[in-house]
$ cat start_21.txt   # compact mmCIF, C-alpha atoms
# COMPACT_ATOMS: atom_id res chain seq x y z
CA MET S 1 -5.31 15.26 -21.85
CA SER S 2 -2.80 17.43 -23.69
CA GLY S 3 0.37 16.98 -21.59
CA VAL S 4 3.04 14.28 -21.80
CA PHE S 5 3.28 11.53 -19.22
CA ILE S 6 6.75 10.02 -18.73
CA THR S 7 7.53 7.37 -16.10
CA PHE S 8 10.85 6.07 -14.78
CA GLU S 9 11.33 2.49 -13.63
CA GLY S 10 14.11 0.34 -12.28
CA GLY S 11 15.30 -1.76 -9.37
CA GLU S 12 17.11 -0.47 -6.30
CA GLY S 13 20.26 1.53 -7.05
CA ALA S 14 19.62 1.80 -10.80
CA GLY S 15 20.01 5.59 -10.73
CA LYS S 16 16.44 6.76 -11.30
CA THR S 17 16.77 9.82 -9.05
CA THR S 18 19.93 11.04 -10.81
CA LEU S 19 18.37 10.58 -14.26
CA ILE S 20 15.10 12.29 -13.33
CA GLU S 21 17.04 15.30 -11.98
CA LYS S 22 19.02 15.60 -15.21
CA VAL S 23 15.89 15.30 -17.37
CA MET S 24 14.09 17.84 -15.19
CA ARG S 25 16.93 20.39 -15.47
CA TRP S 26 17.16 19.89 -19.25
CA LEU S 27 13.42 20.38 -19.87
CA VAL S 28 13.09 23.34 -17.51
CA GLY S 29 16.16 24.85 -19.22
CA GLU S 30 14.28 24.55 -22.52
CA GLY S 31 11.41 26.53 -21.01
CA ARG S 32 9.02 23.61 -20.67
CA GLU S 33 6.45 23.31 -17.90
CA VAL S 34 7.41 20.20 -15.96
CA LEU S 35 5.91 18.47 -12.94
CA ARG S 36 8.24 16.04 -11.20
CA THR S 37 6.47 13.61 -8.92
CA ARG S 38 6.67 10.19 -7.32
CA GLU S 39 4.20 8.00 -5.50
CA PRO S 40 2.61 8.95 -3.15
CA GLY S 41 3.11 12.36 -4.73
CA GLY S 42 2.41 14.49 -1.72
CA THR S 43 -1.25 13.60 -1.34
CA PRO S 44 -2.03 13.37 2.39
CA LEU S 45 -3.68 9.98 1.93
CA GLY S 46 -0.73 8.72 -0.12
CA GLU S 47 1.73 9.71 2.61
CA GLU S 48 -0.34 7.83 5.20
CA ILE S 49 -0.42 4.75 2.95
CA ARG S 50 3.33 5.00 2.41
CA THR S 51 3.83 4.88 6.18
CA LEU S 52 1.63 1.76 6.39
CA LEU S 53 3.58 0.09 3.57
CA LEU S 54 7.14 0.73 4.68
CA GLN S 55 6.95 0.14 8.42
CA PRO S 56 8.18 -3.24 9.68
CA ARG S 57 5.28 -5.38 11.04
CA GLU S 58 4.82 -8.41 13.26
CA THR S 59 2.47 -10.05 10.76
CA GLU S 60 3.70 -9.87 7.19
CA LEU S 61 1.51 -8.05 4.67
CA SER S 62 -0.19 -10.33 2.17
CA PRO S 63 1.16 -9.54 -1.34
CA TYR S 64 -2.44 -8.77 -2.32
CA THR S 65 -2.64 -6.24 0.51
CA GLU S 66 0.63 -4.67 -0.60
CA LEU S 67 -0.59 -4.41 -4.20
CA CYS S 68 -3.94 -2.88 -3.23
CA LEU S 69 -2.27 -0.28 -0.99
CA PHE S 70 0.01 0.79 -3.84
CA LEU S 71 -3.01 0.97 -6.15
CA ALA S 72 -4.96 3.08 -3.66
CA SER S 73 -2.09 5.51 -3.28
CA ARG S 74 -1.67 5.65 -7.07
CA ALA S 75 -5.37 6.24 -7.74
CA GLN S 76 -5.35 9.27 -5.45
CA HIS S 77 -2.05 10.53 -6.92
CA ILE S 78 -3.57 10.32 -10.42
CA ARG S 79 -6.72 12.22 -9.45
CA GLU S 80 -5.09 14.94 -7.35
CA ILE S 81 -1.72 15.48 -9.07
CA ILE S 82 -1.11 13.74 -12.41
CA LEU S 83 -4.36 14.31 -14.33
CA PRO S 84 -4.66 18.01 -13.36
CA ALA S 85 -1.05 18.62 -14.54
CA LEU S 86 -1.61 16.78 -17.82
CA LYS S 87 -4.80 18.78 -18.40
CA LEU S 88 -2.70 21.95 -18.07
CA GLY S 89 -0.39 20.62 -20.81
CA LYS S 90 2.57 19.94 -18.51
CA ILE S 91 5.24 17.28 -18.94
CA VAL S 92 4.83 14.95 -15.98
CA LEU S 93 7.93 13.01 -14.87
CA CYS S 94 6.85 10.26 -12.48
CA ASP S 95 9.22 8.07 -10.46
CA ARG S 96 7.55 4.62 -10.60
CA PHE S 97 4.04 3.79 -11.82
CA ASN S 98 2.09 0.63 -12.77
CA ASP S 99 5.14 -1.20 -14.12
CA SER S 100 6.58 -1.27 -10.59
CA SER S 101 3.49 -3.13 -9.35
CA ILE S 102 3.72 -5.54 -12.29
CA ALA S 103 7.42 -6.27 -11.67
CA TYR S 104 7.32 -6.33 -7.84
CA GLN S 105 3.94 -7.84 -6.97
CA GLY S 106 3.05 -9.47 -10.28
CA VAL S 107 6.35 -11.22 -11.01
CA ALA S 108 8.64 -11.08 -7.93
CA ARG S 109 5.84 -11.83 -5.43
CA GLY S 110 4.16 -14.24 -7.86
CA LEU S 111 0.66 -12.75 -8.21
CA GLY S 112 0.88 -13.02 -12.01
CA ARG S 113 2.11 -10.45 -14.53
CA GLU S 114 -1.01 -10.23 -16.70
CA LYS S 115 -3.46 -10.31 -13.80
CA VAL S 116 -1.67 -7.49 -12.00
CA GLN S 117 -1.45 -5.56 -15.25
CA ALA S 118 -5.23 -5.82 -15.69
CA VAL S 119 -5.92 -4.65 -12.12
CA CYS S 120 -3.45 -1.77 -12.54
CA ALA S 121 -5.09 -0.64 -15.77
CA PHE S 122 -8.48 -0.59 -14.04
CA ALA S 123 -7.36 1.19 -10.85
CA SER S 124 -5.41 3.84 -12.76
CA GLU S 125 -8.42 4.68 -14.96
CA GLY S 126 -6.58 3.46 -18.05
CA LEU S 127 -3.87 6.15 -17.78
CA THR S 128 -0.81 4.89 -19.69
CA PRO S 129 2.57 6.65 -19.94
CA HIS S 130 3.58 7.99 -23.36
CA LEU S 131 7.07 6.71 -22.59
CA THR S 132 8.64 4.69 -19.80
CA LEU S 133 12.40 4.76 -19.26
CA TYR S 134 13.54 1.58 -17.56
CA LEU S 135 17.01 1.66 -16.01
CA ASP S 136 18.26 -1.89 -16.22
CA ILE S 137 20.98 -3.03 -13.84
CA ASP S 138 22.34 -6.28 -12.47
CA PRO S 139 20.69 -6.67 -9.01
CA GLU S 140 23.99 -7.23 -7.16
CA THR S 141 25.44 -4.00 -8.55
CA GLY S 142 22.20 -2.13 -7.89
CA LEU S 143 21.86 -3.32 -4.29
CA ARG S 144 25.50 -2.47 -3.57
CA ARG S 145 24.90 1.08 -4.88
CA ALA S 146 21.62 1.44 -2.92
CA LYS S 147 23.22 0.28 0.34
CA ASN S 148 25.93 2.88 0.05
CA SER S 149 23.51 5.72 -0.56
CA ARG S 150 20.84 5.32 2.16
CA ALA S 151 19.36 3.18 4.94
CA GLN S 152 17.52 0.02 3.88
CA ASP S 153 13.74 -0.14 4.17
CA ARG S 154 11.60 -3.27 4.21
CA ILE S 155 11.71 -3.87 0.45
CA GLU S 156 15.42 -3.31 0.06
CA SER S 157 16.23 -5.91 2.71
CA GLU S 158 14.85 -8.70 0.51
CA ASP S 159 17.43 -11.02 -0.98
CA ILE S 160 19.15 -11.04 -4.35
CA ALA S 161 16.82 -13.74 -5.68
CA PHE S 162 13.84 -11.42 -5.14
CA HIS S 163 15.56 -8.56 -6.96
CA THR S 164 16.44 -10.88 -9.81
CA ARG S 165 12.74 -11.73 -10.14
CA ILE S 166 11.93 -8.00 -10.22
CA ARG S 167 14.39 -7.57 -13.08
CA ASP S 168 12.83 -10.56 -14.86
CA GLY S 169 9.48 -8.82 -14.48
CA TYR S 170 10.74 -5.61 -16.04
CA LEU S 171 12.39 -7.50 -18.89
CA ALA S 172 9.08 -9.29 -19.57
CA ILE S 173 7.32 -5.92 -19.82
CA ALA S 174 10.06 -4.66 -22.19
CA LYS S 175 9.41 -7.67 -24.39
CA ALA S 176 5.61 -7.32 -24.30
CA ASP S 177 5.43 -3.54 -24.77
CA PRO S 178 8.70 -2.43 -26.49
CA LYS S 179 7.31 0.75 -28.05
CA ARG S 180 6.39 2.40 -24.74
CA PHE S 181 8.77 0.64 -22.32
CA CYS S 182 12.38 1.44 -23.28
CA LEU S 183 15.37 -0.19 -21.65
CA LEU S 184 18.51 1.80 -20.81
CA ASP S 185 21.70 0.08 -19.65
CA ALA S 186 22.17 1.64 -16.20
CA SER S 187 25.67 0.24 -15.72
CA GLN S 188 26.91 2.98 -18.10
CA PRO S 189 28.08 6.38 -16.78
CA PRO S 190 25.11 8.60 -15.72
CA GLU S 191 25.87 11.12 -18.47
CA THR S 192 25.68 8.40 -21.15
CA VAL S 193 22.36 7.14 -19.73
CA PHE S 194 21.03 10.71 -19.77
CA HIS S 195 21.98 11.25 -23.42
CA GLN S 196 20.25 8.03 -24.44
CA ALA S 197 17.21 9.13 -22.43
CA MET S 198 17.18 12.55 -24.18
CA HIS S 199 17.24 10.80 -27.53
CA LEU S 200 14.15 8.76 -26.61
CA LEU S 201 12.39 11.70 -24.99
CA ARG S 202 12.77 14.02 -28.00
CA ARG S 203 10.12 12.00 -29.83
CA HIS S 204 7.55 12.92 -27.18
CA VAL S 205 8.37 16.30 -25.66
CA MET I 1 -10.70 -25.39 3.29
CA SER I 2 -13.13 -27.43 5.38
CA GLY I 3 -15.14 -24.73 7.15
CA VAL I 4 -18.19 -22.82 5.98
CA PHE I 5 -18.00 -19.19 4.88
CA ILE I 6 -21.20 -17.15 5.30
CA THR I 7 -21.42 -13.43 4.55
CA PHE I 8 -24.09 -10.86 5.40
CA GLU I 9 -24.88 -7.91 3.17
CA GLY I 10 -27.27 -5.00 3.12
CA GLY I 11 -27.61 -1.24 3.10
CA GLU I 12 -27.58 1.01 6.16
CA GLY I 13 -30.18 0.09 8.79
CA ALA I 14 -31.13 -3.24 7.23
CA GLY I 15 -30.55 -5.11 10.49
CA LYS I 16 -27.35 -7.07 9.73
CA THR I 17 -25.96 -6.79 13.26
CA THR I 18 -29.17 -8.09 14.86
CA LEU I 19 -29.37 -11.01 12.43
CA ILE I 20 -25.70 -11.98 12.83
CA GLU I 21 -26.11 -12.00 16.63
CA LYS I 22 -29.13 -14.31 16.42
CA VAL I 23 -27.37 -16.66 13.96
CA MET I 24 -24.26 -16.68 16.17
CA ARG I 25 -26.25 -17.59 19.32
CA TRP I 26 -28.14 -20.31 17.47
CA LEU I 27 -25.02 -21.98 16.04
CA VAL I 28 -23.02 -21.73 19.27
CA GLY I 29 -26.05 -23.18 21.11
CA GLU I 30 -25.86 -26.16 18.74
CA GLY I 31 -22.24 -26.67 19.76
CA ARG I 32 -20.70 -25.39 16.52
CA GLU I 33 -17.38 -23.60 16.34
CA VAL I 34 -18.15 -20.15 14.99
CA LEU I 35 -16.01 -17.14 14.17
CA ARG I 36 -17.90 -13.87 13.88
CA THR I 37 -15.98 -11.16 12.08
CA ARG I 38 -16.32 -8.00 10.04
CA GLU I 39 -13.93 -5.96 7.95
CA PRO I 40 -11.33 -4.94 8.98
CA GLY I 41 -11.59 -7.92 11.34
CA GLY I 42 -9.23 -6.76 14.02
CA THR I 43 -6.05 -6.87 11.92
CA PRO I 44 -3.86 -3.90 12.92
CA LEU I 45 -3.42 -2.87 9.29
CA GLY I 46 -7.16 -3.15 8.67
CA GLU I 47 -7.94 -0.87 11.60
CA GLU I 48 -5.51 1.73 10.26
CA ILE I 49 -7.12 1.53 6.80
CA ARG I 50 -10.58 1.86 8.36
CA THR I 51 -9.45 5.10 10.00
CA LEU I 52 -8.20 6.40 6.63
CA LEU I 53 -11.49 5.48 4.95
CA LEU I 54 -13.97 6.90 7.41
CA GLN I 55 -12.39 10.21 8.35
CA PRO I 56 -13.71 13.32 6.65
CA ARG I 57 -11.15 14.85 4.22
CA GLU I 58 -10.56 18.13 2.45
CA THR I 59 -9.94 16.41 -0.88
CA GLU I 60 -12.47 13.71 -1.63
CA LEU I 61 -11.18 10.17 -2.10
CA SER I 62 -11.28 8.93 -5.68
CA PRO I 63 -13.76 6.00 -5.88
CA TYR I 64 -10.82 3.91 -7.16
CA THR I 65 -8.85 4.83 -4.04
CA GLU I 66 -11.80 3.89 -1.86
CA LEU I 67 -12.18 0.54 -3.61
CA CYS I 68 -8.46 -0.30 -3.38
CA LEU I 69 -8.35 0.54 0.34
CA PHE I 70 -11.30 -1.78 1.01
CA LEU I 71 -9.57 -4.50 -1.05
CA ALA I 72 -6.30 -4.05 0.87
CA SER I 73 -8.07 -4.34 4.20
CA ARG I 74 -10.00 -7.39 2.96
CA ALA I 75 -6.90 -9.14 1.61
CA GLN I 76 -5.22 -8.90 5.02
CA HIS I 77 -8.42 -9.97 6.83
CA ILE I 78 -8.61 -13.05 4.60
CA ARG I 79 -4.99 -14.04 5.22
CA GLU I 80 -4.87 -13.38 8.96
CA ILE I 81 -8.40 -14.23 10.11
CA ILE I 82 -10.76 -15.90 7.62
CA LEU I 83 -8.59 -18.54 5.93
CA PRO I 84 -7.04 -19.78 9.21
CA ALA I 85 -10.54 -20.18 10.75
CA LEU I 86 -11.86 -22.01 7.69
CA LYS I 87 -8.84 -24.34 7.74
CA LEU I 88 -9.76 -25.25 11.33
CA GLY I 89 -13.25 -26.19 10.10
CA LYS I 90 -15.04 -23.25 11.71
CA ILE I 91 -18.19 -21.55 10.50
CA VAL I 92 -17.16 -18.00 9.62
CA LEU I 93 -19.90 -15.32 9.80
CA CYS I 94 -18.63 -12.19 8.09
CA ASP I 95 -20.38 -8.80 8.12
CA ARG I 96 -19.81 -7.49 4.53
CA PHE I 97 -17.43 -8.89 1.91
CA ASN I 98 -16.89 -8.48 -1.86
CA ASP I 99 -20.57 -7.86 -2.63
CA SER I 100 -20.37 -4.60 -0.64
CA SER I 101 -17.59 -3.37 -2.96
CA ILE I 102 -19.61 -4.41 -6.00
CA ALA I 103 -22.76 -2.61 -4.79
CA TYR I 104 -21.09 0.50 -3.33
CA GLN I 105 -18.12 1.19 -5.63
CA GLY I 106 -19.14 -0.87 -8.66
CA VAL I 107 -22.75 0.28 -8.99
CA ALA I 108 -23.42 3.26 -6.67
CA ARG I 109 -20.12 5.02 -7.45
CA GLY I 110 -20.27 3.90 -11.09
CA LEU I 111 -16.99 1.98 -11.49
CA GLY I 112 -18.84 -0.91 -13.15
CA ARG I 113 -20.34 -4.03 -11.58
CA GLU I 114 -18.47 -6.65 -13.59
CA LYS I 115 -15.12 -4.85 -13.50
CA VAL I 116 -15.25 -4.44 -9.73
CA GLN I 117 -16.34 -8.07 -9.38
CA ALA I 118 -13.27 -9.19 -11.36
CA VAL I 119 -10.90 -7.07 -9.26
CA CYS I 120 -12.53 -8.33 -6.05
CA ALA I 121 -12.16 -11.96 -7.13
CA PHE I 122 -8.47 -11.42 -7.79
CA ALA I 123 -7.68 -9.48 -4.60
CA SER I 124 -9.56 -11.96 -2.40
CA GLU I 125 -7.63 -14.91 -3.86
CA GLY I 126 -10.84 -16.35 -5.33
CA LEU I 127 -12.43 -16.89 -1.90
CA THR I 128 -16.23 -17.04 -2.42
CA PRO I 129 -18.86 -17.36 0.32
CA HIS I 130 -20.85 -20.60 0.47
CA LEU I 131 -23.90 -18.46 1.19
CA THR I 132 -24.58 -14.73 1.33
CA LEU I 133 -27.63 -13.43 3.18
CA TYR I 134 -28.69 -10.08 1.76
CA LEU I 135 -31.07 -8.02 3.90
CA ASP I 136 -33.09 -6.02 1.45
CA ILE I 137 -34.77 -2.81 2.64
CA ASP I 138 -36.18 0.35 1.13
CA PRO I 139 -33.37 2.97 1.52
CA GLU I 140 -35.63 5.55 3.21
CA THR I 141 -36.69 3.06 5.87
CA GLY I 142 -33.12 1.81 6.31
CA LEU I 143 -31.60 5.28 6.66
CA ARG I 144 -34.29 6.28 9.17
CA ARG I 145 -33.43 3.19 11.25
CA ALA I 146 -29.66 3.82 10.98
CA LYS I 147 -29.97 7.47 12.03
CA ASN I 148 -31.83 6.50 15.18
CA SER I 149 -29.26 3.91 16.22
CA ARG I 150 -25.89 5.70 15.89
CA ALA I 151 -23.95 8.73 14.66
CA GLN I 152 -23.57 9.11 10.90
CA ASP I 153 -20.20 8.53 9.27
CA ARG I 154 -19.08 9.71 5.84
CA ILE I 155 -20.87 7.00 3.89
CA GLU I 156 -24.17 7.28 5.75
CA SER I 157 -24.40 10.98 5.03
CA GLU I 158 -24.75 10.35 1.28
CA ASP I 159 -28.19 11.00 -0.12
CA ILE I 160 -31.13 8.69 -0.77
CA ALA I 161 -30.28 8.45 -4.49
CA PHE I 162 -26.90 6.96 -3.64
CA HIS I 163 -28.47 4.39 -1.33
CA THR I 164 -31.00 3.53 -3.98
CA ARG I 165 -28.12 2.78 -6.37
CA ILE I 166 -26.53 0.56 -3.72
CA ARG I 167 -29.77 -1.39 -3.49
CA ASP I 168 -29.88 -1.64 -7.30
CA GLY I 169 -26.36 -3.06 -7.13
CA TYR I 170 -27.34 -5.72 -4.63
CA LEU I 171 -30.43 -6.63 -6.64
CA ALA I 172 -28.27 -7.03 -9.75
CA ILE I 173 -26.01 -9.46 -7.86
CA ALA I 174 -29.08 -11.37 -6.64
CA LYS I 175 -30.18 -11.74 -10.25
CA ALA I 176 -26.73 -12.77 -11.51
CA ASP I 177 -25.86 -15.22 -8.72
CA PRO I 178 -29.15 -16.39 -7.14
CA LYS I 179 -27.84 -19.67 -5.76
CA ARG I 180 -25.26 -18.07 -3.47
CA PHE I 181 -26.74 -14.61 -2.93
CA CYS I 182 -30.09 -14.94 -1.16
CA LEU I 183 -32.43 -12.02 -0.56
CA LEU I 184 -34.35 -11.66 2.70
CA ASP I 185 -37.07 -9.02 3.11
CA ALA I 186 -35.66 -6.93 5.96
CA SER I 187 -38.87 -4.98 6.49
CA GLN I 188 -40.27 -8.05 8.26
CA PRO I 189 -39.93 -8.49 12.06
CA PRO I 190 -36.37 -9.52 13.05
CA GLU I 191 -37.57 -12.92 14.31
CA THR I 192 -39.18 -13.70 10.94
CA VAL I 193 -36.00 -12.69 9.09
CA PHE I 194 -33.97 -14.93 11.42
CA HIS I 195 -36.21 -17.96 10.79
CA GLN I 196 -35.90 -17.49 7.03
CA ALA I 197 -32.13 -17.19 7.45
CA MET I 198 -32.00 -20.41 9.51
CA HIS I 199 -33.87 -22.19 6.76
CA LEU I 200 -31.28 -21.11 4.17
CA LEU I 201 -28.33 -21.78 6.49
CA ARG I 202 -29.36 -25.36 7.32
CA ARG I 203 -28.31 -26.44 3.82
CA HIS I 204 -24.72 -25.36 4.56
CA VAL I 205 -23.98 -25.75 8.28

$ encode --input "start_21.txt" --output "structure tokens"
Amino acid sequence: MSGVFITFEGGEGAGKTTLIEKVMRWLVGEGREVLRTREPGGTPLGEEIRTLLLQPRETELSPYTELCLFLASRAQHIREIILPALKLGKIVLCDRFNDSSIAYQGVARGLGREKVQAVCAFASEGLTPHLTLYLDIDPETGLRRAKNSRAQDRIESEDIAFHTRIRDGYLAIAKADPKRFCLLDASQPPETVFHQAMHLLRRHV
Amino acid sequence: MSGVFITFEGGEGAGKTTLIEKVMRWLVGEGREVLRTREPGGTPLGEEIRTLLLQPRETELSPYTELCLFLASRAQHIREIILPALKLGKIVLCDRFNDSSIAYQGVARGLGREKVQAVCAFASEGLTPHLTLYLDIDPETGLRRAKNSRAQDRIESEDIAFHTRIRDGYLAIAKADPKRFCLLDASQPPETVFHQAMHLLRRHV
């Protein structure tokens, strides 16, 4: 694997999409080969799984079911999209990866941070990002931003307490793995966040 | 959990369906409350996942994807069907469970027996069968039987070598966990297999 694998993480409304677009434009402007992707990454199976995950249901999904569906979608995304791009030497910018499962299912849904981390490492064939940019934001601010920008899906309709647990999950990862998982204060203006991101990215790209 | 959880395992054409029917009739005839089930067990999500798994595809599923989809279906089956029945004190007869993942994905597809076992234990919330009846048969004989009884799906069209690895997987489980995982010689007449199964089941039901 000769490419660079960068992932972006954060709760609802943290500004991931805006940051990824800025990073993408910057790197392409520098003549780099970049693949921008997000789960399910355009794999047909991933899209079908995404539909299963996001539709409202009469019987709630078990958190284990939810986790395994995300892992299945991710495993296919890795095989079909991410690994081939990395083998070609591209910079891969991925919106959400294993840390989302650890924060959402491991911590917020209570399945256990380290257990979910171990399952993620197995199902993703040990693929680890070179750098993860985590956009940290107070959940109330983030949810207010997200509500203004688009319709709510099943996950976004959860309450503030749930989103606070997600943030706790991310902060625990930042503490456990500070070299890879870098926190950016997402309450700052987008341009400031982008410049801090560039500074971190220059070490890898 | 006050019920009894019995699972049935075996390669293609080993005679699981016939044996489960005989066991079901016997236990119901004795006035026991029995739930007969199989993955995906009639959960709406499980049926949708089954469709994803069995349809032929242009891009092959990663074995990790396959494993995670089976685990997702199983996790929902456990929550919606198996645990509620066990809580009511029923005898649950389940056609395939974690050992299938260990034999098929862990051994035959090469993901690793112990690693898959650990992931299965986590995703199934630690639920372990009281007894597993494994119908052991030579793959050539089993595949010949299966071909005569119904159309082939994606998994059945794999070659003999693959089915031999599945059998190796099951035999490794039998060696590692002989108290729970009991081998029955499925080349014997169905009535003989049933009587041996009854003998093993009497200790639990």

$ interface_residues --input "start_21.txt" --of "chain I" --to "chain S" --cutoff "8 Å" --atoms "only C-alpha atoms" --output "CSV table (one decimal) with C-alpha atoms, in the coordinates of the input"
chain,number,residue,atom,x,y,z
I,45,LEU,CA,-3.4,-2.9,9.3
I,52,LEU,CA,-8.2,6.4,6.6
I,61,LEU,CA,-11.2,10.2,-2.1
I,62,SER,CA,-11.3,8.9,-5.7
I,64,TYR,CA,-10.8,3.9,-7.2
I,65,THR,CA,-8.8,4.8,-4.0
I,66,GLU,CA,-11.8,3.9,-1.9
I,67,LEU,CA,-12.2,0.5,-3.6
I,68,CYS,CA,-8.5,-0.3,-3.4
I,69,LEU,CA,-8.4,0.5,0.3
I,71,LEU,CA,-9.6,-4.5,-1.0
I,72,ALA,CA,-6.3,-4.0,0.9
I,73,SER,CA,-8.1,-4.3,4.2
I,74,ARG,CA,-10.0,-7.4,3.0
I,75,ALA,CA,-6.9,-9.1,1.6
I,76,GLN,CA,-5.2,-8.9,5.0
I,79,ARG,CA,-5.0,-14.0,5.2
I,115,LYS,CA,-15.1,-4.8,-13.5
I,119,VAL,CA,-10.9,-7.1,-9.3
I,122,PHE,CA,-8.5,-11.4,-7.8
I,123,ALA,CA,-7.7,-9.5,-4.6
I,124,SER,CA,-9.6,-12.0,-2.4

$ residues_around --input "start_21.txt" --residues "Cys94 of chain I" --least-positions-apart "2" --cutoff "7 Å" --atoms "all atoms listed in the file" --output "PyMOL selection string"
chain I and resi 6-8+36-38+92+96

$ atom_distance --input "start_21.txt" --atom1 "atom CA of Thr128 of chain I" --atom2 "atom CA of Asp99 of chain I"
10.2 Å

$ residues_around --input "start_21.txt" --residues "Gly31 of chain S" --least-positions-apart "5" --cutoff "12 Å" --atoms "only C-alpha atoms" --output "list of chain:residue names"
S:Met24, S:Arg25, S:Trp26, S:Lys90, S:Ile91, S:Val205

$ axis_aligned_box --input "start_21.txt" --around "segment 156-173 of chain S" --padding-each-side "6 Å" --output "AutoDock Vina command-line options"
--center_x 13.2 --center_y -8.5 --center_z -8.6 --size_x 23.8 --size_y 22.4 --size_z 34.5

$ atom_distance --input "start_21.txt" --atom1 "atom CA of Glu12 of chain S" --atom2 "atom CA of Glu33 of chain S"
28.5 Å

$ atom_distance --input "start_21.txt" --atom1 "atom CA of Leu133 of chain S" --atom2 "atom CA of Ala197 of chain S"
7.2 Å

$ closest_residue --input "start_21.txt" --among "S:Leu143, S:Val4, S:Ala108, S:Ile20" --to "Leu86 of chain S" --atoms "only C-alpha atoms"
S:Val4

$ closest_residue --input "start_21.txt" --among "S:Leu131, S:Asp138, S:His163, S:Ala85" --to "Gln105 of chain S" --atoms "only C-alpha atoms"
S:His163

$ closest_residue --input "start_21.txt" --among "I:Lys87, I:Arg113, I:Arg144, I:Arg165" --to "Phe5 of chain I" --atoms "only C-alpha atoms"
I:Lys87

$ residues_around --input "start_21.txt" --residues "Ala14 of chain S" --least-positions-apart "5" --cutoff "10 Å" --atoms "all atoms listed in the file" --output "list in words"
Glu9, Leu19, Tyr134, Leu135, Asp136, Ile137, Asp138, Pro139, Thr141, Gly142, Leu143, Arg145, Ala146, Asp185, Ala186 and Ser187 of chain S

$ decode --input "start_21.txt" --residues "segment 153-202 of chain I" --atoms "C-alpha atoms" --output "PDB file, in the first residue's frame"
ATOM      1  CA  ASP I 153     -27.547 -21.310  -4.759  1.00  0.00           C
ATOM      2  CA  ARG I 154     -24.279 -19.376  -4.717  1.00  0.00           C
ATOM      3  CA  ILE I 155     -22.725 -21.285  -1.832  1.00  0.00           C
ATOM      4  CA  GLU I 156     -23.646 -24.737  -3.101  1.00  0.00           C
ATOM      5  CA  SER I 157     -21.972 -24.098  -6.425  1.00  0.00           C
ATOM      6  CA  GLU I 158     -18.529 -23.889  -4.782  1.00  0.00           C
ATOM      7  CA  ASP I 159     -16.270 -26.825  -5.470  1.00  0.00           C
ATOM      8  CA  ILE I 160     -15.569 -29.990  -3.508  1.00  0.00           C
ATOM      9  CA  ALA I 161     -12.330 -28.546  -2.079  1.00  0.00           C
ATOM     10  CA  PHE I 162     -14.285 -25.738  -0.448  1.00  0.00           C
ATOM     11  CA  HIS I 163     -16.755 -28.172   1.102  1.00  0.00           C
ATOM     12  CA  THR I 164     -13.899 -30.304   2.336  1.00  0.00           C
ATOM     13  CA  ARG I 165     -12.507 -27.241   4.133  1.00  0.00           C
ATOM     14  CA  ILE I 166     -15.929 -26.627   5.684  1.00  0.00           C
ATOM     15  CA  ARG I 167     -15.900 -30.178   7.017  1.00  0.00           C
ATOM     16  CA  ASP I 168     -12.356 -29.642   8.349  1.00  0.00           C
ATOM     17  CA  GLY I 169     -13.683 -26.558  10.136  1.00  0.00           C
ATOM     18  CA  TYR I 170     -16.491 -28.480  11.783  1.00  0.00           C
ATOM     19  CA  LEU I 171     -14.122 -31.279  12.801  1.00  0.00           C
ATOM     20  CA  ALA I 172     -11.798 -28.708  14.389  1.00  0.00           C
ATOM     21  CA  ILE I 173     -14.715 -27.357  16.446  1.00  0.00           C
ATOM     22  CA  ALA I 174     -15.642 -30.913  17.473  1.00  0.00           C
ATOM     23  CA  LYS I 175     -12.097 -31.392  18.720  1.00  0.00           C
ATOM     24  CA  ALA I 176     -11.962 -28.039  20.546  1.00  0.00           C
ATOM     25  CA  ASP I 177     -15.411 -28.191  22.168  1.00  0.00           C
ATOM     26  CA  PRO I 178     -16.439 -31.883  22.359  1.00  0.00           C
ATOM     27  CA  LYS I 179     -18.871 -31.515  25.254  1.00  0.00           C
ATOM     28  CA  ARG I 180     -21.206 -29.124  23.427  1.00  0.00           C
ATOM     29  CA  PHE I 181     -20.492 -29.965  19.787  1.00  0.00           C
ATOM     30  CA  CYS I 182     -21.474 -33.585  19.116  1.00  0.00           C
ATOM     31  CA  LEU I 183     -20.751 -35.369  15.853  1.00  0.00           C
ATOM     32  CA  LEU I 184     -23.289 -37.732  14.297  1.00  0.00           C
ATOM     33  CA  ASP I 185     -22.374 -39.912  11.306  1.00  0.00           C
ATOM     34  CA  ALA I 186     -24.841 -38.651   8.695  1.00  0.00           C
ATOM     35  CA  SER I 187     -24.108 -41.454   6.243  1.00  0.00           C
ATOM     36  CA  GLN I 188     -26.238 -43.734   8.438  1.00  0.00           C
ATOM     37  CA  PRO I 189     -29.995 -44.179   7.801  1.00  0.00           C
ATOM     38  CA  PRO I 190     -32.000 -41.131   8.985  1.00  0.00           C
ATOM     39  CA  GLU I 191     -33.784 -43.187  11.664  1.00  0.00           C
ATOM     40  CA  THR I 192     -30.440 -44.284  13.162  1.00  0.00           C
ATOM     41  CA  VAL I 193     -29.178 -40.683  13.185  1.00  0.00           C
ATOM     42  CA  PHE I 194     -32.398 -39.594  14.906  1.00  0.00           C
ATOM     43  CA  HIS I 195     -32.068 -42.231  17.649  1.00  0.00           C
ATOM     44  CA  GLN I 196     -28.489 -41.162  18.343  1.00  0.00           C
ATOM     45  CA  ALA I 197     -29.663 -37.548  18.458  1.00  0.00           C
ATOM     46  CA  MET I 198     -32.455 -38.433  20.924  1.00  0.00           C
ATOM     47  CA  HIS I 199     -29.895 -40.086  23.157  1.00  0.00           C
ATOM     48  CA  LEU I 200     -27.782 -36.904  23.247  1.00  0.00           C
ATOM     49  CA  LEU I 201     -30.804 -34.621  23.612  1.00  0.00           C
ATOM     50  CA  ARG I 202     -32.266 -36.469  26.621  1.00  0.00           C
TER      51      ARG I 202
END
